[in-house]
Amino acid sequence: MSSSVDPRDFYHDQRGLGPGSAVEPTASEVKQGYTAQTRNPAPLPRLFQPLRIRGLTLKNRVAASPMCMYSSQDGFATDFHLVHIGQFAMRGLGLTIMEASGVSPEGRITPHCLGIWKDEHIEKLRQIVNFAHANKGAIGIQLAHAGRKSSTVAPWLMKVHGRNADASTGGWPDNVLGPSAVAFDGGSWTPKELSIDGIHRIQQDFALAAIRADKAGFDVIELHGAHGYLLHEFLSPISNKRTDEYGGSFDNRIRFVVETVRKVRQVWPAQKPLFVRLSVTDWVSPSDEIPTGGWTEEESTELAKILAKEGVDLVDCSTSGSSPKQQIPLAPGYQVCFATAIKQAAPDMLAGAVGLITSAKQANEIVEEDRADLVFLARALLREPNFVLDGAAELGVFAQYPHQYERGRNKSILTFV
């Protein structure tokens, strides 16, 4: 070790792009039985080929999807988040995106959701970012406003308190907001219809949150435009009944999203990627009231073309969340086709696939067949946080391990196939 290297730098001299990146095995590693071959396959399985987006290079094409953890107080990240997010950075994810973070207090789903509405939130977020970067991991944050689906309680508290958070459980039932005064269902709060001034205020909240995300050091921002939350609520005629310039026609319903993207892109550094998560379809059958059923795949592909011109780099393709009437045809990789549709309709836009992707073989096939550019995992990572490192072995790739975990390589599976 060079005398110029601080011995307390536990992450120094990681090979390649760090944990989870493909590296050539050393003679010693071959001798110890960690691999049966002396070189990685050429070309590498595409899942382990780097992906460059603007000024950011992802070491592989596996991303941790934003997952609500309901473990914050007043929006502050905690040691839980450091450990939760840190494990993904250590274990080789190409990109980890932190959970939906409220751009305002009333923009949270629950009183215990993460926030980024004040400068005091930055310090702990920066600690988490720094840990990810020490492990050569890219990290993003999802900026969100829950709209009419806000002021609820954490899932494990519903049996005690019911679904909704009232004032006694830290909620804000009198300040639930939406494009229209239409509740999600009979058991949900009825939102207040946003005024034009209120719309502009929330758009500014997103821009200010983006500035804070940059100060914290995040590499990527994802705007949450899915799952029935505020941006999605403006898109879908199920939740948007407005008759002004923010409702009615396709151009009017997308206006809130496009303007918000524009404000964020103006303050977010040009070299840093900007993602948008969309529910590409509402999965609701047509009705007399809404002949299209709701927000559709065709509308999503048209929006993707517009977002590409506004400086969005990737659409993270999810579905549903606007209506309890949704009928979702669950099956392995059931949402991948929507990422493919976005890629085909908007060649300048990258697309991410998410939803019941549970093995490295399946994930690699998706990117090898050019059905998506990036694969997002959620529950699979909660079950298997070592997904990337084990997946490399499954695909015959010798990948860098974190130094501290090197002795944990499983010789029985780390052989080339």
# chains A, B, ... in the order shown; residues from 1 in each chain; ligands from 1
$ residues_around --residues "Arg15 (chain A)" --least-positions-apart "5" --cutoff "12 Å" --atoms "only C-alpha atoms" --output "PyMOL selection string"
chain A and resi 20-26+59+135-136+398-403
$ select_by_dssp --residues "region 91-202 of chain A" --states "alpha helix (DSSP H)" --output "ChimeraX atom specification"
/A:122-134,158-161,196-202
$ write_last_selection --atoms "N, CA and C atoms" --output "compact mmCIF listing (two decimals), in the first residue's frame"
# COMPACT_ATOMS: atom_id res chain seq x y z
N ILE A 122 -30.69 17.41 4.40
CA ILE A 122 -29.55 17.13 3.52
C ILE A 122 -28.45 16.34 4.22
N GLU A 123 -28.14 16.69 5.46
CA GLU A 123 -26.95 16.13 6.12
C GLU A 123 -26.97 14.61 6.17
N LYS A 124 -28.06 14.00 6.64
CA LYS A 124 -28.12 12.55 6.75
C LYS A 124 -28.16 11.91 5.37
N LEU A 125 -28.85 12.54 4.44
CA LEU A 125 -28.87 12.02 3.08
C LEU A 125 -27.46 12.02 2.49
N ARG A 126 -26.70 13.07 2.78
CA ARG A 126 -25.33 13.14 2.27
C ARG A 126 -24.47 12.00 2.84
N GLN A 127 -24.68 11.65 4.09
CA GLN A 127 -23.94 10.54 4.70
C GLN A 127 -24.21 9.24 3.93
N ILE A 128 -25.46 9.01 3.57
CA ILE A 128 -25.83 7.80 2.83
C ILE A 128 -25.22 7.83 1.43
N VAL A 129 -25.29 8.98 0.78
CA VAL A 129 -24.69 9.14 -0.55
C VAL A 129 -23.19 8.87 -0.49
N ASN A 130 -22.53 9.43 0.51
CA ASN A 130 -21.09 9.25 0.62
C ASN A 130 -20.71 7.78 0.79
N PHE A 131 -21.52 7.04 1.56
CA PHE A 131 -21.24 5.62 1.74
C PHE A 131 -21.40 4.86 0.42
N ALA A 132 -22.45 5.20 -0.33
CA ALA A 132 -22.64 4.55 -1.63
C ALA A 132 -21.46 4.85 -2.55
N HIS A 133 -21.04 6.09 -2.57
CA HIS A 133 -19.93 6.47 -3.45
C HIS A 133 -18.62 5.82 -3.00
N ALA A 134 -18.42 5.64 -1.70
CA ALA A 134 -17.21 4.97 -1.22
C ALA A 134 -17.13 3.54 -1.76
N MET A 158 -51.86 -0.57 9.99
CA MET A 158 -53.24 -0.48 9.53
C MET A 158 -54.19 -1.31 10.38
N LYS A 159 -53.71 -2.45 10.91
CA LYS A 159 -54.59 -3.28 11.72
C LYS A 159 -54.98 -2.57 13.02
N VAL A 160 -54.13 -1.64 13.45
CA VAL A 160 -54.39 -0.92 14.70
C VAL A 160 -55.18 0.36 14.46
N HIS A 161 -54.75 1.13 13.43
CA HIS A 161 -55.30 2.47 13.24
C HIS A 161 -56.21 2.59 12.02
N ILE A 196 -54.59 27.01 -9.18
CA ILE A 196 -53.45 27.24 -10.06
C ILE A 196 -52.23 27.65 -9.25
N ASP A 197 -52.43 28.51 -8.26
CA ASP A 197 -51.30 28.90 -7.40
C ASP A 197 -50.75 27.70 -6.65
N GLY A 198 -51.64 26.81 -6.21
CA GLY A 198 -51.20 25.61 -5.51
C GLY A 198 -50.38 24.70 -6.42
N ILE A 199 -50.80 24.59 -7.66
CA ILE A 199 -50.05 23.80 -8.65
C ILE A 199 -48.64 24.36 -8.81
N HIS A 200 -48.55 25.67 -8.97
CA HIS A 200 -47.24 26.30 -9.17
C HIS A 200 -46.36 26.16 -7.92
N ARG A 201 -46.99 26.20 -6.76
CA ARG A 201 -46.22 26.04 -5.52
C ARG A 201 -45.60 24.65 -5.44
N ILE A 202 -46.37 23.63 -5.79
CA ILE A 202 -45.85 22.26 -5.73
C ILE A 202 -44.76 22.06 -6.77
$ closest_atom_pairs --of "region 56-146 of chain A" --to "region 310-326 of chain A" --cutoff "12 Å" --atoms "only C-alpha atoms" --output "tab-separated table"
residue	atom	partner	partner_atom	distance
A:Leu56	CA	A:Asp313	CA	11.5
A:Ala63	CA	A:Asp316	CA	10.7
A:Ala64	CA	A:Asp316	CA	11.7
A:Ser65	CA	A:Asp316	CA	9.3
A:Pro66	CA	A:Asp316	CA	10.7
A:Ile97	CA	A:Asp316	CA	11.5
A:Gln142	CA	A:Asp316	CA	11.2
A:Ala146	CA	A:Gly321	CA	11.4
$ write_last_selection --atoms "all heavy atoms" --output "PDB file, in the first residue's frame"
ATOM      1  N   LEU A  56     -22.808   9.948 -16.131  1.00  0.00           N
ATOM      2  CA  LEU A  56     -22.793   8.867 -15.152  1.00  0.00           C
ATOM      3  C   LEU A  56     -22.613   7.526 -15.847  1.00  0.00           C
ATOM      4  O   LEU A  56     -23.312   7.224 -16.820  1.00  0.00           O
ATOM      5  CB  LEU A  56     -24.106   8.862 -14.369  1.00  0.00           C
ATOM      6  CG  LEU A  56     -24.280   7.775 -13.309  1.00  0.00           C
ATOM      7  CD1 LEU A  56     -23.311   7.990 -12.150  1.00  0.00           C
ATOM      8  CD2 LEU A  56     -25.728   7.754 -12.798  1.00  0.00           C
ATOM      9  N   ALA A  63     -30.718  -2.150 -11.089  1.00  0.00           N
ATOM     10  CA  ALA A  63     -30.999  -1.006 -10.221  1.00  0.00           C
ATOM     11  C   ALA A  63     -31.947  -1.415  -9.109  1.00  0.00           C
ATOM     12  O   ALA A  63     -32.853  -2.236  -9.307  1.00  0.00           O
ATOM     13  CB  ALA A  63     -31.618   0.136 -11.022  1.00  0.00           C
ATOM     14  N   ALA A  64     -31.727  -0.854  -7.927  1.00  0.00           N
ATOM     15  CA  ALA A  64     -32.669  -1.025  -6.820  1.00  0.00           C
ATOM     16  C   ALA A  64     -33.782  -0.004  -6.981  1.00  0.00           C
ATOM     17  O   ALA A  64     -33.541   1.208  -7.005  1.00  0.00           O
ATOM     18  CB  ALA A  64     -31.967  -0.845  -5.479  1.00  0.00           C
ATOM     19  N   SER A  65     -34.985  -0.496  -7.104  1.00  0.00           N
ATOM     20  CA  SER A  65     -36.149   0.365  -7.268  1.00  0.00           C
ATOM     21  C   SER A  65     -36.466   1.090  -5.959  1.00  0.00           C
ATOM     22  O   SER A  65     -36.190   0.567  -4.878  1.00  0.00           O
ATOM     23  CB  SER A  65     -37.332  -0.503  -7.682  1.00  0.00           C
ATOM     24  OG  SER A  65     -38.399   0.253  -8.177  1.00  0.00           O
ATOM     25  N   PRO A  66     -37.029   2.284  -6.035  1.00  0.00           N
ATOM     26  CA  PRO A  66     -37.433   2.964  -4.790  1.00  0.00           C
ATOM     27  C   PRO A  66     -38.469   2.126  -4.049  1.00  0.00           C
ATOM     28  O   PRO A  66     -39.441   1.666  -4.647  1.00  0.00           O
ATOM     29  CB  PRO A  66     -38.043   4.278  -5.287  1.00  0.00           C
ATOM     30  CG  PRO A  66     -37.593   4.432  -6.696  1.00  0.00           C
ATOM     31  CD  PRO A  66     -37.365   3.071  -7.230  1.00  0.00           C
ATOM     32  N   ILE A  97     -31.872   3.594  -5.985  1.00  0.00           N
ATOM     33  CA  ILE A  97     -32.705   4.799  -5.873  1.00  0.00           C
ATOM     34  C   ILE A  97     -33.442   4.756  -4.543  1.00  0.00           C
ATOM     35  O   ILE A  97     -34.179   3.809  -4.255  1.00  0.00           O
ATOM     36  CB  ILE A  97     -33.690   4.932  -7.040  1.00  0.00           C
ATOM     37  CG1 ILE A  97     -32.927   5.000  -8.375  1.00  0.00           C
ATOM     38  CG2 ILE A  97     -34.553   6.181  -6.865  1.00  0.00           C
ATOM     39  CD1 ILE A  97     -33.803   5.230  -9.580  1.00  0.00           C
ATOM     40  N   GLN A 142     -35.905   9.365  -5.329  1.00  0.00           N
ATOM     41  CA  GLN A 142     -37.177   9.595  -5.998  1.00  0.00           C
ATOM     42  C   GLN A 142     -37.893  10.761  -5.314  1.00  0.00           C
ATOM     43  O   GLN A 142     -38.143  10.719  -4.102  1.00  0.00           O
ATOM     44  CB  GLN A 142     -38.050   8.337  -5.945  1.00  0.00           C
ATOM     45  CG  GLN A 142     -39.322   8.456  -6.780  1.00  0.00           C
ATOM     46  CD  GLN A 142     -40.184   7.209  -6.654  1.00  0.00           C
ATOM     47  OE1 GLN A 142     -40.707   6.919  -5.577  1.00  0.00           O
ATOM     48  NE2 GLN A 142     -40.351   6.477  -7.750  1.00  0.00           N
ATOM     49  N   ALA A 146     -47.596  12.626  -2.876  1.00  0.00           N
ATOM     50  CA  ALA A 146     -48.578  11.544  -2.863  1.00  0.00           C
ATOM     51  C   ALA A 146     -49.973  11.978  -3.279  1.00  0.00           C
ATOM     52  O   ALA A 146     -50.835  11.135  -3.549  1.00  0.00           O
ATOM     53  CB  ALA A 146     -48.635  10.906  -1.476  1.00  0.00           C
TER      54      ALA A 146
END
$ select_by_dssp --residues "region 134-371 of chain A" --states "strand (DSSP E)" --output "PyMOL selection string"
chain A and resi 138-144+177-178+192-193+220-225+274-279+314-318+350-354
$ write_last_selection --atoms "N, CA and C atoms" --output "compact mmCIF listing (two decimals), in the first residue's frame"
# COMPACT_ATOMS: atom_id res chain seq x y z
N ALA A 138 -23.56 4.06 -7.72
CA ALA A 138 -24.37 5.23 -8.08
C ALA A 138 -25.65 5.22 -7.25
N ILE A 139 -26.10 6.40 -6.89
CA ILE A 139 -27.28 6.50 -6.02
C ILE A 139 -28.18 7.64 -6.47
N GLY A 140 -29.47 7.37 -6.42
CA GLY A 140 -30.46 8.38 -6.78
C GLY A 140 -31.51 8.51 -5.70
N ILE A 141 -32.42 9.43 -5.91
CA ILE A 141 -33.53 9.63 -4.98
C ILE A 141 -34.79 9.92 -5.79
N GLN A 142 -35.90 9.37 -5.33
CA GLN A 142 -37.18 9.59 -6.00
C GLN A 142 -37.89 10.76 -5.31
N LEU A 143 -38.20 11.79 -6.08
CA LEU A 143 -38.95 12.94 -5.57
C LEU A 143 -40.43 12.72 -5.83
N ALA A 144 -41.24 12.96 -4.79
CA ALA A 144 -42.63 12.55 -4.90
C ALA A 144 -43.57 13.49 -4.18
N LEU A 177 -54.33 16.83 -1.00
CA LEU A 177 -54.49 17.62 -2.21
C LEU A 177 -54.55 16.72 -3.45
N GLY A 178 -55.22 17.20 -4.48
CA GLY A 178 -55.29 16.46 -5.73
C GLY A 178 -55.69 17.37 -6.86
N LYS A 192 -58.60 18.12 -1.52
CA LYS A 192 -58.96 19.46 -1.99
C LYS A 192 -58.43 19.64 -3.40
N GLU A 193 -59.23 20.23 -4.27
CA GLU A 193 -58.76 20.50 -5.62
C GLU A 193 -57.73 21.62 -5.59
N VAL A 220 -28.62 10.76 -9.47
CA VAL A 220 -29.83 10.64 -10.29
C VAL A 220 -31.03 11.14 -9.50
N ILE A 221 -31.94 11.79 -10.19
CA ILE A 221 -33.27 12.07 -9.65
C ILE A 221 -34.28 11.28 -10.47
N GLU A 222 -35.24 10.67 -9.76
CA GLU A 222 -36.41 10.09 -10.43
C GLU A 222 -37.65 10.82 -9.91
N LEU A 223 -38.46 11.32 -10.81
CA LEU A 223 -39.74 11.92 -10.45
C LEU A 223 -40.81 10.84 -10.45
N HIS A 224 -41.59 10.79 -9.37
CA HIS A 224 -42.59 9.74 -9.23
C HIS A 224 -43.88 10.15 -9.93
N GLY A 225 -44.07 9.62 -11.12
CA GLY A 225 -45.28 9.89 -11.88
C GLY A 225 -46.14 8.66 -12.05
N LEU A 274 -31.83 12.40 -15.36
CA LEU A 274 -33.17 12.61 -14.81
C LEU A 274 -34.07 11.50 -15.31
N PHE A 275 -34.70 10.76 -14.38
CA PHE A 275 -35.64 9.70 -14.71
C PHE A 275 -37.05 10.15 -14.34
N VAL A 276 -38.03 9.52 -14.98
CA VAL A 276 -39.43 9.67 -14.58
C VAL A 276 -40.04 8.28 -14.51
N ARG A 277 -40.65 7.95 -13.37
CA ARG A 277 -41.41 6.70 -13.28
C ARG A 277 -42.84 6.98 -13.72
N LEU A 278 -43.33 6.16 -14.64
CA LEU A 278 -44.71 6.28 -15.11
C LEU A 278 -45.46 4.98 -14.85
N SER A 279 -46.74 5.10 -14.52
CA SER A 279 -47.65 3.98 -14.67
C SER A 279 -48.10 4.03 -16.12
N LEU A 314 -34.59 8.64 -18.92
CA LEU A 314 -35.11 7.27 -18.81
C LEU A 314 -36.51 7.30 -18.22
N VAL A 315 -37.39 6.49 -18.79
CA VAL A 315 -38.71 6.25 -18.21
C VAL A 315 -38.67 4.90 -17.51
N ASP A 316 -38.97 4.91 -16.23
CA ASP A 316 -39.05 3.72 -15.39
C ASP A 316 -40.49 3.23 -15.49
N CYS A 317 -40.70 2.09 -16.16
CA CYS A 317 -42.03 1.70 -16.64
C CYS A 317 -42.75 0.76 -15.68
N SER A 318 -43.61 1.33 -14.87
CA SER A 318 -44.48 0.57 -13.99
C SER A 318 -45.90 0.68 -14.51
N LEU A 350 -34.26 6.17 -22.92
CA LEU A 350 -33.98 4.88 -22.32
C LEU A 350 -35.21 4.42 -21.54
N ALA A 351 -35.32 3.11 -21.35
CA ALA A 351 -36.48 2.57 -20.65
C ALA A 351 -36.03 1.55 -19.61
N GLY A 352 -36.65 1.61 -18.44
CA GLY A 352 -36.38 0.67 -17.38
C GLY A 352 -37.56 -0.26 -17.19
N ALA A 353 -37.25 -1.55 -16.94
CA ALA A 353 -38.29 -2.55 -16.71
C ALA A 353 -38.32 -2.92 -15.24
N VAL A 354 -39.53 -3.13 -14.73
CA VAL A 354 -39.71 -3.48 -13.31
C VAL A 354 -40.93 -4.36 -13.18
$ residues_around --residues "Tyr229 (chain A)" --least-positions-apart "6" --cutoff "7 Å" --atoms "only C-alpha atoms" --output "compact mmCIF listing (two decimals) with all heavy atoms, in the first residue's frame"
# COMPACT_ATOMS: atom_id res chain seq x y z
N HIS A 145 -44.82 13.47 -4.65
CA HIS A 145 -45.94 14.06 -3.91
C HIS A 145 -47.07 13.06 -4.03
O HIS A 145 -47.47 12.65 -5.12
CB HIS A 145 -46.35 15.40 -4.51
CG HIS A 145 -47.29 16.18 -3.62
ND1 HIS A 145 -48.55 15.73 -3.30
CD2 HIS A 145 -47.13 17.37 -2.98
CE1 HIS A 145 -49.14 16.61 -2.50
NE2 HIS A 145 -48.30 17.62 -2.29
N ALA A 146 -47.60 12.63 -2.88
CA ALA A 146 -48.58 11.54 -2.86
C ALA A 146 -49.97 11.98 -3.28
O ALA A 146 -50.83 11.13 -3.55
CB ALA A 146 -48.63 10.91 -1.48
N GLY A 147 -50.23 13.30 -3.32
CA GLY A 147 -51.53 13.76 -3.77
C GLY A 147 -52.67 13.23 -2.93
O GLY A 147 -52.62 13.23 -1.71
N ARG A 148 -53.72 12.72 -3.62
CA ARG A 148 -54.93 12.28 -2.90
C ARG A 148 -54.69 11.00 -2.10
O ARG A 148 -55.55 10.62 -1.30
CB ARG A 148 -56.08 12.08 -3.89
CG ARG A 148 -55.91 10.91 -4.85
CD ARG A 148 -57.15 10.75 -5.72
NE ARG A 148 -57.07 9.57 -6.60
CZ ARG A 148 -58.09 9.10 -7.29
NH1 ARG A 148 -59.27 9.69 -7.20
NH2 ARG A 148 -57.94 8.03 -8.07
N LYS A 149 -53.56 10.34 -2.31
CA LYS A 149 -53.26 9.10 -1.58
C LYS A 149 -52.33 9.37 -0.40
O LYS A 149 -51.69 8.44 0.12
CB LYS A 149 -52.67 8.06 -2.53
CG LYS A 149 -53.66 7.61 -3.61
CD LYS A 149 -53.04 6.68 -4.63
CE LYS A 149 -53.02 5.25 -4.15
NZ LYS A 149 -52.59 4.32 -5.22
$ closest_residue --among "A:Leu356, A:Ile238, A:Ile306, A:Leu51" --to "Glu259 (chain A)" --atoms "only C-alpha atoms"
A:Ile306
$ atom_distance --atom1 "CA of Ile342 (chain A)" --atom2 "CA of Asp370 (chain A)"
11.6 Å
$ residues_around --residues "Val388 (chain A)" --least-positions-apart "5" --cutoff "7 Å" --atoms "only C-alpha atoms" --output "PyMOL selection string"
chain A and resi 20+91-93
$ atom_distance --atom1 "CA of Gly355 (chain A)" --atom2 "CA of Leu17 (chain A)"
26.8 Å
$ closest_residue --among "A:Leu58, A:Met67, A:Thr340, A:Asn40" --to "Val367 (chain A)" --atoms "only C-alpha atoms"
A:Thr340
$ decode --residues "region 193-227 of chain A" --atoms "N, CA and C atoms" --output "tab-separated table (two decimals), in the first residue's frame"
chain	number	residue	atom	x	y	z
A	193	GLU	N	-59.23	20.23	-4.27
A	193	GLU	CA	-58.76	20.50	-5.62
A	193	GLU	C	-57.73	21.62	-5.59
A	194	LEU	N	-56.60	21.37	-6.20
A	194	LEU	CA	-55.52	22.36	-6.22
A	194	LEU	C	-55.90	23.57	-7.05
A	195	SER	N	-55.61	24.74	-6.53
A	195	SER	CA	-55.72	25.97	-7.32
A	195	SER	C	-54.53	26.08	-8.25
A	196	ILE	N	-54.59	27.01	-9.18
A	196	ILE	CA	-53.45	27.24	-10.06
A	196	ILE	C	-52.23	27.65	-9.25
A	197	ASP	N	-52.43	28.51	-8.26
A	197	ASP	CA	-51.30	28.90	-7.40
A	197	ASP	C	-50.75	27.70	-6.65
A	198	GLY	N	-51.64	26.81	-6.21
A	198	GLY	CA	-51.20	25.61	-5.51
A	198	GLY	C	-50.38	24.70	-6.42
A	199	ILE	N	-50.80	24.59	-7.66
A	199	ILE	CA	-50.05	23.80	-8.65
A	199	ILE	C	-48.64	24.36	-8.81
A	200	HIS	N	-48.55	25.67	-8.97
A	200	HIS	CA	-47.24	26.30	-9.17
A	200	HIS	C	-46.36	26.16	-7.92
A	201	ARG	N	-46.99	26.20	-6.76
A	201	ARG	CA	-46.22	26.04	-5.52
A	201	ARG	C	-45.60	24.65	-5.44
A	202	ILE	N	-46.37	23.63	-5.79
A	202	ILE	CA	-45.85	22.26	-5.73
A	202	ILE	C	-44.76	22.06	-6.77
A	203	GLN	N	-44.93	22.65	-7.93
A	203	GLN	CA	-43.87	22.56	-8.94
A	203	GLN	C	-42.57	23.18	-8.43
A	204	GLN	N	-42.69	24.28	-7.71
A	204	GLN	CA	-41.51	24.90	-7.11
A	204	GLN	C	-40.93	24.01	-6.00
A	205	ASP	N	-41.80	23.32	-5.28
A	205	ASP	CA	-41.33	22.38	-4.27
A	205	ASP	C	-40.45	21.29	-4.89
A	206	PHE	N	-40.86	20.80	-6.04
A	206	PHE	CA	-40.05	19.79	-6.74
A	206	PHE	C	-38.69	20.37	-7.14
A	207	ALA	N	-38.69	21.60	-7.63
A	207	ALA	CA	-37.42	22.21	-8.04
A	207	ALA	C	-36.50	22.41	-6.84
A	208	LEU	N	-37.04	22.88	-5.73
A	208	LEU	CA	-36.22	23.08	-4.53
A	208	LEU	C	-35.71	21.75	-4.00
A	209	ALA	N	-36.53	20.71	-4.08
A	209	ALA	CA	-36.08	19.39	-3.64
A	209	ALA	C	-34.94	18.89	-4.53
A	210	ALA	N	-35.01	19.19	-5.82
A	210	ALA	CA	-33.93	18.79	-6.73
A	210	ALA	C	-32.62	19.48	-6.36
A	211	ILE	N	-32.70	20.74	-5.97
A	211	ILE	CA	-31.50	21.47	-5.54
A	211	ILE	C	-30.91	20.81	-4.30
A	212	ARG	N	-31.77	20.42	-3.37
A	212	ARG	CA	-31.29	19.76	-2.15
A	212	ARG	C	-30.67	18.40	-2.49
A	213	ALA	N	-31.27	17.69	-3.43
A	213	ALA	CA	-30.72	16.40	-3.83
A	213	ALA	C	-29.33	16.55	-4.42
A	214	ASP	N	-29.12	17.61	-5.17
A	214	ASP	CA	-27.79	17.88	-5.73
A	214	ASP	C	-26.80	18.22	-4.61
A	215	LYS	N	-27.24	19.02	-3.65
A	215	LYS	CA	-26.35	19.37	-2.54
A	215	LYS	C	-25.98	18.13	-1.71
A	216	ALA	N	-26.88	17.16	-1.63
A	216	ALA	CA	-26.60	15.92	-0.92
A	216	ALA	C	-25.67	15.01	-1.71
A	217	GLY	N	-25.51	15.29	-3.01
A	217	GLY	CA	-24.58	14.53	-3.82
A	217	GLY	C	-25.18	13.43	-4.66
A	218	PHE	N	-26.51	13.34	-4.72
A	218	PHE	CA	-27.14	12.27	-5.50
A	218	PHE	C	-26.73	12.36	-6.97
A	219	ASP	N	-26.65	11.19	-7.60
A	219	ASP	CA	-26.26	11.10	-9.01
A	219	ASP	C	-27.45	11.19	-9.94
A	220	VAL	N	-28.62	10.76	-9.47
A	220	VAL	CA	-29.83	10.64	-10.29
A	220	VAL	C	-31.03	11.14	-9.50
A	221	ILE	N	-31.94	11.79	-10.19
A	221	ILE	CA	-33.27	12.07	-9.65
A	221	ILE	C	-34.28	11.28	-10.47
A	222	GLU	N	-35.24	10.67	-9.76
A	222	GLU	CA	-36.41	10.09	-10.43
A	222	GLU	C	-37.65	10.82	-9.91
A	223	LEU	N	-38.46	11.32	-10.81
A	223	LEU	CA	-39.74	11.92	-10.45
A	223	LEU	C	-40.81	10.84	-10.45
A	224	HIS	N	-41.59	10.79	-9.37
A	224	HIS	CA	-42.59	9.74	-9.23
A	224	HIS	C	-43.88	10.15	-9.93
A	225	GLY	N	-44.07	9.62	-11.12
A	225	GLY	CA	-45.28	9.89	-11.88
A	225	GLY	C	-46.14	8.66	-12.05
A	226	ALA	N	-46.12	7.78	-11.04
A	226	ALA	CA	-46.82	6.49	-11.14
A	226	ALA	C	-47.65	6.22	-9.90
A	227	HIS	N	-48.34	5.06	-9.93
A	227	HIS	CA	-48.98	4.44	-8.77
A	227	HIS	C	-50.07	5.30	-8.12
